[in-house]
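Below is final-v2.csv, which holds CSV, C-alpha atoms.
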chain,number,residue,atom,x,y,z
G,1096,MET,CA,-50.4,27.8,62.7
G,1097,ARG,CA,-50.3,31.4,61.8
G,1098,ALA,CA,-49.3,32.5,58.3
G,1099,ILE,CA,-46.2,34.6,58.3
G,1100,TRP,CA,-46.3,35.7,54.6
G,1101,LYS,CA,-48.8,35.9,51.7
G,1102,GLY,CA,-47.9,35.9,48.0
G,1103,ALA,CA,-48.1,33.9,44.8
G,1104,VAL,CA,-46.2,31.2,43.1
G,1105,SER,CA,-45.6,32.2,39.5
G,1106,PHE,CA,-44.3,29.9,36.7
G,1107,GLY,CA,-45.0,30.8,33.1
G,1108,LEU,CA,-48.3,32.5,32.9
G,1109,VAL,CA,-49.7,30.6,35.9
G,1110,SER,CA,-50.0,32.3,39.3
G,1111,ILE,CA,-51.0,30.4,42.5
G,1112,GLY,CA,-51.9,32.4,45.6
G,1113,VAL,CA,-50.4,30.9,48.7
G,1114,ARG,CA,-49.9,31.5,52.4
G,1115,LEU,CA,-46.5,30.7,54.0
G,1116,TYR,CA,-46.2,28.9,57.4
G,1117,SER,CA,-43.1,27.9,59.3
G,1118,ALA,CA,-42.7,24.1,58.9
G,1119,THR,CA,-40.4,23.7,61.8
G,1120,GLU,CA,-40.1,24.9,65.4
G,1121,GLU,CA,-37.3,24.8,67.9
G,1122,LYS,CA,-37.9,22.7,71.0
G,1123,ASP,CA,-35.0,24.0,73.0
G,1124,ILE,CA,-35.8,24.9,76.6
G,1125,ARG,CA,-35.2,28.6,77.0
G,1126,PHE,CA,-34.2,30.4,80.2
G,1127,HIS,CA,-34.3,34.0,81.3
G,1128,GLN,CA,-31.4,35.7,83.0
G,1129,VAL,CA,-32.5,36.4,86.6
G,1130,HIS,CA,-31.0,37.7,89.8
G,1131,ARG,CA,-29.7,34.7,91.8
G,1132,GLU,CA,-30.9,36.0,95.2
G,1133,ASP,CA,-34.5,37.0,94.5
G,1134,GLY,CA,-35.2,35.7,90.9
G,1135,GLY,CA,-35.8,39.1,89.5
G,1136,ARG,CA,-35.6,39.4,85.7
G,1137,ILE,CA,-32.5,41.1,84.3
G,1138,ARG,CA,-33.4,43.9,81.9
G,1139,TYR,CA,-31.2,45.5,79.4
G,1140,LYS,CA,-31.5,49.1,78.4
G,1141,ARG,CA,-30.8,50.5,74.9
G,1142,VAL,CA,-28.3,53.2,75.7
G,1143,CYS,CA,-26.5,55.4,73.2
G,1144,SER,CA,-22.7,55.0,73.4
G,1145,VAL,CA,-22.2,58.7,72.5
G,1146,ASP,CA,-24.5,60.7,74.9
G,1147,GLY,CA,-25.3,57.8,77.4
G,1148,GLU,CA,-29.1,58.4,76.9
G,1149,GLU,CA,-31.6,55.6,76.7
G,1150,VAL,CA,-33.0,55.3,73.2
G,1151,SER,CA,-36.6,54.1,72.2
G,1152,TYR,CA,-37.4,51.8,69.4
G,1153,ASP,CA,-38.7,54.6,67.2
G,1154,ASP,CA,-35.3,56.3,67.2
G,1155,ILE,CA,-33.3,53.2,66.3
G,1156,ALA,CA,-32.1,52.9,62.7
G,1157,LYS,CA,-29.8,50.4,61.0
G,1158,GLY,CA,-26.1,51.3,60.6
G,1159,TYR,CA,-23.3,49.8,58.5
G,1160,ASP,CA,-19.9,50.0,60.0
G,1161,LEU,CA,-17.3,51.3,57.6
G,1162,GLY,CA,-14.5,50.9,60.1
G,1163,GLY,CA,-12.4,53.6,61.7
G,1164,GLY,CA,-15.4,54.9,63.6
G,1165,GLU,CA,-17.4,55.8,60.5
G,1166,MET,CA,-21.0,54.6,60.2
G,1167,VAL,CA,-23.5,54.7,57.3
G,1168,ILE,CA,-27.1,55.1,58.6
G,1169,LEU,CA,-30.0,53.5,56.7
G,1170,THR,CA,-33.7,54.2,57.4
G,1171,ASP,CA,-36.9,52.3,56.5
G,1172,GLU,CA,-37.3,54.6,53.4
G,1173,ASP,CA,-33.9,53.4,52.1
G,1174,PHE,CA,-35.0,49.8,52.3
G,1175,ALA,CA,-38.4,50.5,50.8
G,1176,ASP,CA,-36.8,51.9,47.6
G,1177,LEU,CA,-34.7,48.8,47.0
G,1178,PRO,CA,-35.7,46.9,43.7
G,1179,LEU,CA,-37.0,43.6,45.1
G,1180,SER,CA,-38.6,42.2,42.0
G,1181,THR,CA,-39.7,39.1,43.9
G,1182,SER,CA,-41.6,41.0,46.5
G,1183,ARG,CA,-44.8,39.1,47.4
G,1184,ALA,CA,-44.0,36.6,44.6
G,1185,ILE,CA,-42.3,33.2,44.4
G,1186,ASP,CA,-40.8,33.2,41.0
G,1187,VAL,CA,-39.9,29.8,39.5
G,1188,LEU,CA,-36.6,30.0,37.7
G,1189,GLU,CA,-36.2,26.4,36.5
G,1190,PHE,CA,-36.9,22.8,37.4
G,1191,VAL,CA,-33.9,20.6,38.2
G,1192,PRO,CA,-33.4,16.9,39.4
G,1193,ALA,CA,-33.8,16.7,43.1
G,1194,ASP,CA,-30.4,14.9,43.7
G,1195,GLN,CA,-28.5,17.8,42.2
G,1196,VAL,CA,-29.3,20.1,45.1
G,1197,ASP,CA,-26.6,19.8,47.8
G,1198,PRO,CA,-28.4,19.4,51.2
G,1199,MET,CA,-25.8,21.8,52.7
G,1200,LEU,CA,-27.5,24.6,50.9
G,1201,TYR,CA,-30.9,24.1,52.7
G,1202,ASN,CA,-31.6,26.6,55.4
G,1203,LYS,CA,-35.3,26.8,56.6
G,1204,ALA,CA,-38.5,25.0,55.6
G,1205,TYR,CA,-42.0,26.5,55.1
G,1206,TYR,CA,-45.3,25.0,54.2
G,1207,LEU,CA,-47.4,26.5,51.3
G,1208,GLU,CA,-51.1,26.5,51.6
G,1209,PRO,CA,-53.3,27.4,48.6
G,1210,GLU,CA,-55.4,30.5,49.1
G,1211,GLY,CA,-58.9,31.0,47.8
G,1212,THR,CA,-59.5,29.6,44.3
G,1213,ALA,CA,-55.9,28.6,43.8
G,1214,THR,CA,-56.4,25.0,45.0
G,1215,LYS,CA,-56.6,23.4,41.5
G,1216,PRO,CA,-53.5,25.0,40.1
G,1217,TYR,CA,-51.8,24.3,43.4
G,1218,VAL,CA,-52.6,20.5,43.1
G,1219,LEU,CA,-51.6,20.6,39.5
G,1220,LEU,CA,-48.1,21.9,40.3
G,1221,ARG,CA,-47.8,19.5,43.2
G,1222,ASP,CA,-48.6,16.4,41.2
G,1223,ALA,CA,-46.4,17.5,38.2
G,1224,LEU,CA,-43.5,18.0,40.6
G,1225,ALA,CA,-44.0,14.6,42.2
G,1226,ASP,CA,-44.2,12.8,38.9
G,1227,SER,CA,-41.2,14.4,37.4
G,1228,ASP,CA,-39.0,13.8,40.5
G,1229,ARG,CA,-37.7,17.4,40.2
G,1230,VAL,CA,-37.7,20.4,42.4
G,1231,ALA,CA,-38.3,24.0,41.4
G,1232,ILE,CA,-35.6,26.6,41.9
G,1233,VAL,CA,-37.2,29.9,43.0
G,1234,LYS,CA,-36.4,33.3,44.3
G,1235,VAL,CA,-38.4,34.9,47.1
G,1236,ALA,CA,-38.2,37.9,49.3
G,1237,ILE,CA,-39.0,37.3,53.0
G,1238,ARG,CA,-38.5,39.9,55.7
G,1239,GLN,CA,-36.8,42.3,53.2
G,1240,ARG,CA,-34.3,39.8,52.2
G,1241,GLU,CA,-34.1,38.1,48.8
G,1242,GLN,CA,-33.4,34.4,49.1
G,1243,LEU,CA,-32.8,31.4,46.9
G,1244,ALA,CA,-35.2,28.5,47.6
G,1245,THR,CA,-36.6,25.2,46.3
G,1246,LEU,CA,-40.2,24.0,45.9
G,1247,ARG,CA,-40.7,20.3,46.5
G,1248,VAL,CA,-43.5,17.9,47.7
G,1249,ARG,CA,-43.8,16.4,51.1
G,1250,ASP,CA,-46.9,14.7,52.4
G,1251,ASN,CA,-48.9,16.1,49.5
G,1252,VAL,CA,-48.0,19.7,50.5
G,1253,LEU,CA,-45.7,22.1,48.6
G,1254,VAL,CA,-42.7,22.9,50.8
G,1255,LEU,CA,-40.5,25.9,50.3
G,1256,ASN,CA,-36.9,25.4,51.4
G,1257,THR,CA,-34.9,28.6,51.6
G,1258,MET,CA,-31.3,28.1,50.8
G,1259,LEU,CA,-27.9,29.7,51.4
G,1260,TRP,CA,-26.3,31.4,48.5
G,1261,PRO,CA,-23.2,29.6,47.1
G,1262,ASP,CA,-20.8,32.2,48.5
G,1263,GLU,CA,-22.2,31.6,52.0
G,1264,ILE,CA,-20.8,28.0,52.0
G,1265,ARG,CA,-17.3,27.8,53.4
G,1266,GLN,CA,-14.7,25.8,51.6
G,1267,ALA,CA,-13.3,22.8,53.4
G,1268,SER,CA,-9.6,23.6,53.6
G,1269,PHE,CA,-7.7,21.2,55.8
G,1270,GLY,CA,-4.1,20.0,55.8
G,1271,PHE,CA,-4.9,16.2,55.6
G,1272,LEU,CA,-6.5,16.7,52.2
G,1273,ASP,CA,-3.0,17.2,50.7
G,1274,ASP,CA,-1.6,14.1,52.4
G,1275,ASP,CA,-1.2,10.9,50.3
G,1276,ILE,CA,-3.1,8.5,52.5
G,1277,GLN,CA,-3.5,5.0,51.0
G,1278,VAL,CA,-6.4,2.8,52.1
G,1279,ARG,CA,-5.8,-0.9,51.8
G,1280,PRO,CA,-8.4,-3.1,50.1
G,1281,PRO,CA,-8.9,-5.3,53.2
G,1282,GLU,CA,-9.6,-2.2,55.3
G,1283,LEU,CA,-12.1,-0.9,52.8
G,1284,ALA,CA,-13.8,-4.3,52.7
G,1285,MET,CA,-14.1,-4.4,56.4
G,1286,ALA,CA,-15.5,-0.9,56.5
G,1287,ALA,CA,-18.1,-1.8,53.9
G,1288,SER,CA,-19.0,-4.9,56.0
G,1289,LEU,CA,-19.5,-2.6,59.1
G,1290,ILE,CA,-21.8,-0.3,57.0
G,1291,ASP,CA,-23.8,-3.3,55.9
G,1292,SER,CA,-24.1,-4.7,59.4
G,1293,MET,CA,-25.4,-1.3,60.6
G,1294,ALA,CA,-27.7,-0.7,57.6
G,1295,GLY,CA,-31.4,0.1,58.3
G,1296,GLU,CA,-34.4,2.2,57.3
G,1297,PHE,CA,-34.4,5.8,58.5
G,1298,ALA,CA,-37.3,6.4,61.0
G,1299,PRO,CA,-37.0,9.9,62.6
G,1300,ASP,CA,-39.5,9.1,65.3
G,1301,GLU,CA,-37.1,6.6,66.8
G,1302,TYR,CA,-34.6,9.3,67.8
G,1303,THR,CA,-35.1,11.6,70.8
G,1304,ASP,CA,-33.4,14.5,72.4
G,1305,ASP,CA,-32.2,12.8,75.6
G,1306,TYR,CA,-30.6,16.0,77.0
G,1307,ARG,CA,-33.8,18.0,76.6
G,1308,ALA,CA,-35.9,15.3,78.2
G,1309,ALA,CA,-33.5,15.1,81.2
G,1310,LEU,CA,-33.4,18.9,81.6
G,1311,GLN,CA,-37.3,19.0,81.5
G,1312,GLU,CA,-37.3,16.3,84.2
G,1313,VAL,CA,-35.1,18.4,86.4
G,1314,ILE,CA,-37.4,21.4,85.9
G,1315,ASP,CA,-40.5,19.4,86.7
G,1316,ALA,CA,-38.9,18.0,89.8
G,1317,LYS,CA,-38.0,21.5,91.0
G,1318,VAL,CA,-41.6,22.6,90.4
G,1319,GLU,CA,-43.1,19.6,92.3
G,1320,GLY,CA,-40.5,19.6,95.1
G,1321,ARG,CA,-39.4,16.1,94.2
G,1322,GLU,CA,-36.0,14.6,94.5
G,1323,ILE,CA,-34.1,14.9,91.3
G,1324,VAL,CA,-33.0,11.6,89.9
G,1325,ALA,CA,-29.7,11.7,88.1
G,1326,PRO,CA,-30.0,10.2,84.5
G,1327,GLU,CA,-28.0,7.2,83.6
G,1328,GLU,CA,-24.4,7.9,82.5
G,1329,GLU,CA,-23.7,7.2,78.9
G,1330,GLU,CA,-20.7,5.1,77.9
G,1331,GLU,CA,-17.7,7.2,77.1
G,1332,ALA,CA,-16.6,7.3,73.5
G,1333,PRO,CA,-13.8,4.7,72.9
G,1334,ALA,CA,-10.3,6.0,72.5
G,1335,ALA,CA,-8.7,6.3,69.1
G,1336,ALA,CA,-7.9,2.9,67.7
G,1337,VAL,CA,-4.3,1.8,67.4
G,1338,ASP,CA,-5.0,-1.0,64.9
G,1339,LEU,CA,-7.6,0.1,62.4
G,1340,MET,CA,-8.4,-3.4,61.2
G,1341,ALA,CA,-8.9,-4.7,64.7
G,1342,ALA,CA,-11.2,-1.9,65.6
G,1343,LEU,CA,-13.3,-2.4,62.4
G,1344,ARG,CA,-13.5,-6.2,63.0
G,1345,ALA,CA,-14.6,-5.6,66.6
G,1346,SER,CA,-17.2,-3.1,65.5
G,1347,VAL,CA,-18.6,-5.5,62.9
G,1348,GLU,CA,-18.9,-8.3,65.5
G,1349,ARG,CA,-20.6,-5.9,68.0
G,1350,ALA,CA,-23.1,-4.7,65.4
G,1351,ARG,CA,-23.9,-8.3,64.4
G,1352,VAL,CA,-24.5,-9.3,68.1
G,1353,ALA,CA,-26.7,-6.2,68.6
G,1354,ARG,CA,-28.8,-7.3,65.6
G,1355,GLY,CA,-29.1,-10.9,66.9
G,1356,GLU,CA,-26.9,-12.4,64.2
G,1357,ALA,CA,-24.2,-15.0,64.8
G,1358,ALA,CA,-20.8,-13.4,65.5
G,1359,GLY,CA,-18.0,-14.1,63.1
G,1360,GLU,CA,-20.1,-14.7,60.0
G,1361,ALA,CA,-18.4,-13.7,56.8
G,1362,SER,CA,-15.6,-12.0,58.8
G,1363,ASP,CA,-12.9,-13.8,56.7
G,1364,GLU,CA,-14.5,-12.5,53.5
G,1365,ALA,CA,-14.9,-9.0,54.9
G,1366,ALA,CA,-11.2,-9.0,56.0
G,1367,GLY,CA,-10.3,-9.9,52.4
G,1368,LYS,CA,-8.3,-13.1,53.3
G,1369,ASP,CA,-8.8,-14.4,49.7
G,1370,ARG,CA,-6.9,-11.4,48.4
G,1371,GLU,CA,-3.2,-11.0,48.2
G,1372,PRO,CA,-1.7,-9.4,51.4
G,1373,ALA,CA,-1.3,-5.7,50.9
G,1374,GLU,CA,1.7,-3.6,52.0
G,1375,PRO,CA,1.3,-3.2,55.8
G,1376,THR,CA,0.8,0.3,57.2
G,1377,PRO,CA,3.1,1.7,59.9
G,1378,ILE,CA,0.4,1.1,62.6
G,1379,THR,CA,-0.2,-2.5,61.7
G,1380,SER,CA,3.5,-3.2,61.3
G,1381,ALA,CA,4.3,-1.9,64.7
G,1382,LYS,CA,1.3,-3.9,66.1
G,1383,SER,CA,2.5,-7.1,64.3
G,1384,ALA,CA,6.0,-6.6,65.6
G,1385,LYS,CA,4.8,-6.3,69.2
G,1386,ALA,CA,2.6,-9.4,68.7
G,1387,ALA,CA,5.4,-11.5,67.3
G,1388,ALA,CA,7.9,-10.3,70.0
G,1389,ALA,CA,5.6,-11.3,72.8
G,1390,PRO,CA,5.4,-15.1,72.1
G,1391,ALA,CA,9.1,-15.2,71.3
G,1392,ALA,CA,9.9,-13.6,74.7
G,1393,LYS,CA,7.5,-16.1,76.4
G,1394,LYS,CA,9.3,-19.1,74.7
G,1395,ALA,CA,12.7,-17.7,75.5
G,1396,ALA,CA,11.9,-17.3,79.2
G,1397,PRO,CA,11.0,-21.0,79.8
G,1398,ALA,CA,14.1,-22.0,77.8
G,1399,ARG,CA,16.4,-20.1,80.3
G,1400,LYS,CA,14.6,-21.7,83.2
G,1401,THR,CA,14.8,-25.3,81.8
G,1402,ALA,CA,18.5,-25.0,81.0
G,1403,PRO,CA,19.7,-25.4,84.6
G,1404,ALA,CA,17.1,-28.1,85.1
G,1405,LYS,CA,18.7,-30.0,82.1
G,1406,LYS,CA,22.1,-29.5,83.6
G,1407,ALA,CA,20.9,-30.7,87.0
G,1408,ALA,CA,19.3,-33.7,85.4
G,1409,SER,CA,22.5,-34.6,83.6
G,1410,ALA,CA,24.4,-34.3,86.9
G,1411,ASP,CA,21.9,-36.6,88.6
G,1412,GLN,CA,22.3,-39.1,85.8
G,1413,LYS,CA,26.0,-39.0,86.1
G,1414,ARG,CA,25.8,-39.4,89.8
G,1415,THR,CA,23.5,-42.4,89.4
G,1416,THR,CA,25.7,-43.9,86.8
G,1417,ALA,CA,28.7,-43.4,89.0
G,1418,LYS,CA,26.9,-45.0,91.9
G,1419,LYS,CA,25.9,-48.0,89.8
G,1420,ALA,CA,29.4,-48.2,88.4
G,1421,GLN,CA,31.1,-48.1,91.9
G,1422,PRO,CA,29.6,-51.4,93.1
G,1423,GLU,CA,30.4,-53.1,89.9
G,1424,LYS,CA,34.0,-51.9,90.2
G,1425,LYS,CA,34.1,-53.1,93.8
G,1426,THR,CA,32.7,-56.4,92.8
G,1427,ASP,CA,35.2,-56.8,90.0
G,1428,ALA,CA,38.0,-55.8,92.4
G,1429,ARG,CA,36.8,-58.3,94.9
G,1430,LYS,CA,36.7,-61.0,92.3
G,1431,ALA,CA,40.1,-60.1,91.1
G,1432,ALA,CA,41.4,-60.1,94.7
G,1433,ALA,CA,39.7,-63.4,95.3
G,1434,LYS,CA,41.2,-64.9,92.2
G,1435,SER,CA,44.6,-63.6,93.0
G,1436,THR,CA,44.3,-65.0,96.5
G,1437,GLY,CA,43.2,-68.3,95.1
G,1438,GLN,CA,46.2,-68.3,92.8
G,1439,LYS,CA,48.5,-67.6,95.8
G,1440,THR,CA,46.9,-70.3,97.9
G,1441,ASP,CA,47.2,-72.9,95.2
G,1442,GLY,CA,50.8,-72.0,94.6
G,1443,THR,CA,51.6,-72.2,98.3
G,1444,GLN,CA,49.8,-75.6,98.6
G,1445,LYS,CA,51.7,-76.9,95.5
G,1446,SER,CA,55.1,-75.7,96.8
G,1447,GLY,CA,54.3,-77.2,100.2
G,1448,ALA,CA,53.5,-80.5,98.7
G,1449,ARG,CA,56.6,-80.5,96.6
G,1450,LYS,CA,58.7,-79.8,99.8
G,1451,THR,CA,57.0,-82.7,101.7
G,1452,ALA,CA,57.6,-85.1,98.8
G,1453,ALA,CA,61.2,-84.1,98.6
G,1454,LYS,CA,61.7,-84.6,102.3
G,1455,LYS,CA,60.2,-88.1,102.2
G,1456,THR,CA,62.5,-89.0,99.3
G,1457,ALA,CA,65.5,-87.8,101.3
G,1458,ASP,CA,64.5,-89.8,104.3
G,1459,ARG,CA,64.2,-93.0,102.2
G,1460,LYS,CA,67.7,-92.6,100.8
G,1461,SER,CA,69.2,-92.1,104.2
G,1462,ALA,CA,67.5,-95.3,105.5
Would you mind writing the file out in structure tokens?
Amino acid sequence: MRAIWKGAVSFGLVSIGVRLYSATEEKDIRFHQVHREDGGRIRYKRVCSVDGEEVSYDDIAKGYDLGGGEMVILTDEDFADLPLSTSRAIDVLEFVPADQVDPMLYNKAYYLEPEGTATKPYVLLRDALADSDRVAIVKVAIRQREQLATLRVRDNVLVLNTMLWPDEIRQASFGFLDDDIQVRPPELAMAASLIDSMAGEFAPDEYTDDYRAALQEVIDAKVEGREIVAPEEEEEAPAAAVDLMAALRASVERARVARGEAAGEASDEAAGKDREPAEPTPITSAKSAKAAAAPAAKKAAPARKTAPAKKAASADQKRTTAKKAQPEKKTDARKAAAKSTGQKTDGTQKSGARKTAAKKTADRKSA
């Protein structure tokens, strides 16, 4: 690494000579603009917009636009006269708890290396910071710009983190912040269960830039004349969930399965079933109404179909009863007819007998 700055850390009457190194580097793959037909580099000329002449670096100054076509021109001498009290010095302003510094303020990180005989005070400051669990708030001028920064310890090395100034942080101003959105306890419990099921220890080495790796593979294949193998397509992000609780519950189950745990463990507790039911949200109400309507419709449909069947069954029973009844009626009719016939026969026989007896009696008298 090459030092980009030299200076001293000053706190109280102690001064520690240090060299500044960039602690990070961008790994982005950079491209040049070239002519598509022959691959020639595209060059840009520095041309004055007033006279159209090309301008060299020596004739270029910094200008501040006042608007309306007016420009204030500043030279190197103007910047040299600025009162940068922290020039070539890292002035410690105070020591504060590390958790009080908002990570959003952090900008760029640098390593500090002790210079010459400054190793012992350097180690002294490093160990004192590590033991106190605090960071030093400092001011430093780098590349003619005064910056707020912190000093902290990482891997036994002092790290300077430049920070944005508070007025450089934009305020979050969004409409939903004024809405009265109520989160139900079961939903909060299920979200907490999802967080627990996906909890782990942060290991930065486990994460890679897949896009950069795929792009590098394309470049290597072009250089070697190989066929470019398309990378595997990633799953599309799921659409917005209609039922929040259902989406949370499914996410918890998927996270448990991914970790090799049994699905469904403690899902009832996470869902908050032991708690009193909260007021349903419009989304869950609509979902519940649809769910309730579906089984009712299914039950109603078979009822309509079975009604004619019941009528048909009743008609069949009536026909069967009628058929059974008809022979019985016929039998009764036959019996009645036979009885009546028998009665007539007996009557005829009796009347015939009477006539025969009367005739015989008449004949006897005549004799």
Atom pair CA of Arg1229 in chain G / CA of Lys1215 in chain G: separation (Å): 19.9 Å
Atomic distance CA of Leu1255 in chain G - CA of Val1233 in chain G, expressed in Å with one decimal: 9.0 Å
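Of note, CA of Pro1178 in chain G and CA of Gly1162 in chain G are spaced 27.1 Å apart.
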Near-Arg1247 in chain G list (12 Å; all atoms listed in the file; drop same-chain fewer than 3 positions) as a ChimeraX atom specification: /G:1187,1190-1194,1196,1204-1207,1220-1233,1244,1250-1257
Top pick for closest residue to Ala1184 in chain G, considering G:Ser1346, G:Gln1242, G:Thr1119, G:Gln1266 and counting only C-alpha atoms: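 Between G:Ser1346, G:Gln1242, G:Thr1119, G:Gln1266, the residue approaching Ala1184 in chain G most closely is G:Gln1242.
The shortest atom-to-atom distance to Thr1212 in chain G, with only C-alpha atoms taken into account, belongs to G:Val1113 out of G:Val1113, G:Arg1097, G:Glu1296, G:Asp1176.
Closest approach to Ala1294 in chain G from the set G:Ala1118, G:Leu1339, G:Leu1272, G:Ala1350 is made by G:Ala1350, with distances taken over only C-alpha atoms.
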Selection: 10 Å around Leu1343 in chain G, only C-alpha atoms, excl. self and same-chain fewer than 2 positions, as a list of chain:residue names: G:Glu1282, G:Leu1283, G:Ala1284, G:Met1285, G:Ala1286, G:Ala1287, G:Ser1288, G:Leu1289, G:Ala1336, G:Asp1338, G:Leu1339, G:Met1340, G:Ala1341, G:Ala1345, G:Ser1346, G:Val1347, G:Glu1348, G:Arg1349, G:Ala1366
Nearest candidate to Ser1105 in chain G (options G:Gly1270, G:Pro1216, G:Gly1295, G:Pro1281; using all atoms listed in the file):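 Under the stated criterion, the closest residue is G:Pro1216.
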Test item: residues at most 12 Å from Ala1308 in chain G, all atoms listed in the file, excluding those fewer than 4 positions along its chain, as a ChimeraX atom specification: /G:1122-1124,1303-1304,1312-1315,1326
Test item: residues at most 9 Å from Arg1183 in chain G, only C-alpha atoms, excluding those fewer than 4 positions along its chain, as a list of chain:residue names: G:Trp1100, G:Lys1101, G:Gly1102, G:Ala1103, G:Val1235, G:Ala1236, G:Ile1237
